[in-house]
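S.K.: Have a look at the structure that comes next, please.
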Amino acid sequence: AAEIQDLILDDSGASFSRTQMVQAIIAHSSSDPSTSTLIMTYNHSVFDAMSMIPWIRDLDLLMSDPETKLLASTPFKLFADMQHSHAESMPATLSVQYFVDRFSGISKQTKAFWPPQKAPGWMIANDADSELLSLRNMSRGGRAPIRYPKVVTKNKVPHMASLKEKGIQPVIVVKTAIALFNVLQTGQEYAFFNNLDAGRSWPFMPSWIPLPPAMRVDGPTMEWTGNVIHISPSETVRQLLERMVVD
């Protein structure tokens with residue numbers, strides 16, 4: 001049982017395959033022969049959160065009853081083929097040009113980049129077997145590497161309902177908060193950051209074309225969205241939030 005626990009918590013680079021996108025280990029406990037543990041490691045090129053949840057649900061149903069008829073999902077191949085075949089289409093070209101224009105002049109705004117990079121490479125979790133470990137340790141000043149940096153905090157926001165009525169969704173409030181935090185750290189008037197979006201829409205397709213539900217695509221559709229946000233000291237909170245909605 002102790003070895004199984006160590007295996008579950010091992011997040012070093014050596015514990016992940018560089019060639020296999022999904023690994024499954026069925027571990028049997030010698031101390032409790034009636035108990036087995038399924039340990040799964042998967043790459044985000046195969047799953048995202050929205051496809052993993054129904055996949056685990058289906059696995060649970062099949063383990064309970066192998067004859068279970070599963071709900072049909074939207075094939076990921078359809079999404080991937082559409083992304084590939086339309087990558088050089090006019091909508092795709094316009095999308096690229098939009099971000100080129102949006103980030104124009106970014107080389108003159110390096111003081112607005114946060115956090116500052118203090119060591120080679122960007123990393124999260126355990127980098128004990130990284131070739132850059134010695135250089136990173138120099139910048140850590142003797143501090144231990146951070147493990148499991150993901151932190152989730154739940155708060156009640158009673159006035160969020162009234163903001164939604166004005167068209168200000170929670171994601172807008174979060175983005176605005178990140179932008180404000182960045183400019184407070186840097187002392188600049190612009191905030192640059194990426195955010196991870198679910199990407200649950202058909203790539204480069206107008207909404208009027210009848211297609212299966214993108215929310216049920218059985219694969220990863222995650223996308224990075226680049227943000228360049230100007231914070232003006234003369235704006236009120238409401239003016240800033242309304243401008244963020246338009247943006």
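Here, A, B, ... name the chains of the structure tokens in the order displayed, residue numbers run from 1 inside each chain, and ligands are numbered from 1 in the same displayed order.
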Excluding Ile26 in chain A and residues on its chain fewer than 6 positions from it, collect all residues at most 10 Å away from it, counting only C-alpha atoms, and give them as a count of residues only.
M.R.: 6
S.K.: Taking the DSSP assignment computed from this structure's backbone, write out as an MDAnalysis selection string all residues of range 13-237 of chain A that belong to helix (DSSP H, G or I).
M.R.: chainID A and resid 13:15 49:64 76:85 90:102 106:108 110:112 133:140 160:165 170:186 214:216 237
S.K.: Identify all residues of range 54-194 of chain A in strand (DSSP E) (DSSP on the backbone) and supply them as a PyMOL selection string.
M.R.: chain A and resi 190-194
S.K.: Have a look at A:Ser95, A:Phe204, A:Ser17, A:Met244 and name the one nearest to Val174 in chain A; count only C-alpha atoms.
M.R.: A:Met244
S.K.: Could you list, with a cut-off of 8 Å and counting only C-alpha atoms, the residues of range 161-187 of chain A near range 222-242 of chain A, each shown with its nearest atom pair and the distance in Å rounded to one decimal, rows sorted by chain and ascending number, as a tab-separated table?
M.R.:
residue	atom	partner	partner_atom	distance
A:Ile168	CA	A:Leu241	CA	7.1
A:Ile172	CA	A:Leu241	CA	7.1
A:Val173	CA	A:Leu241	CA	7.1
A:Thr176	CA	A:Leu241	CA	7.1
A:Ala179	CA	A:Ile229	CA	6.6
A:Leu180	CA	A:Ile231	CA	7.3
A:Val183	CA	A:Ile231	CA	7.7
S.K.: Would you mind telling me which residue in A:Ala112, A:Lys69, A:Lys154, A:Ile209 lies nearest to Phe193 in chain A when using only C-alpha atoms?
M.R.: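 The shortest atom-to-atom distance to Phe193 in chain A comes from A:Ala112.
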S.K.: Write out as a PyMOL selection string each polymer residue whose atoms come within 9 Å of Met52 in chain A, counting only C-alpha atoms; drop sequence neighbours fewer than 6 positions from it.
M.R.: chain A and resi 218-220
S.K.: Would you kindly return, as JSON, numbers by chain, each protein, DNA or RNA residue with an atom no farther than 8 Å from any atom of Phe113 in chain A, considering only C-alpha atoms and excluding same-chain residues fewer than 5 positions away?
M.R.: {"A": [186, 191, 192]}
S.K.: What does the file look like for those residues with N, CA and C atoms, as a PDB file, in the first residue's frame?
M.R.:
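Produced file again_27.pdb, reproduced below:
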ATOM      1  N   THR A 186       4.014  45.505 -11.395  1.00  0.00           N
ATOM      2  CA  THR A 186       5.005  46.049 -12.325  1.00  0.00           C
ATOM      3  C   THR A 186       5.065  47.572 -12.321  1.00  0.00           C
ATOM      4  N   ALA A 191      -1.084  45.161 -18.886  1.00  0.00           N
ATOM      5  CA  ALA A 191      -0.911  43.809 -18.362  1.00  0.00           C
ATOM      6  C   ALA A 191      -0.924  42.833 -19.530  1.00  0.00           C
ATOM      7  N   PHE A 192       0.070  41.951 -19.560  1.00  0.00           N
ATOM      8  CA  PHE A 192       0.164  40.921 -20.596  1.00  0.00           C
ATOM      9  C   PHE A 192       0.065  39.556 -19.916  1.00  0.00           C
TER      10      PHE A 192
END
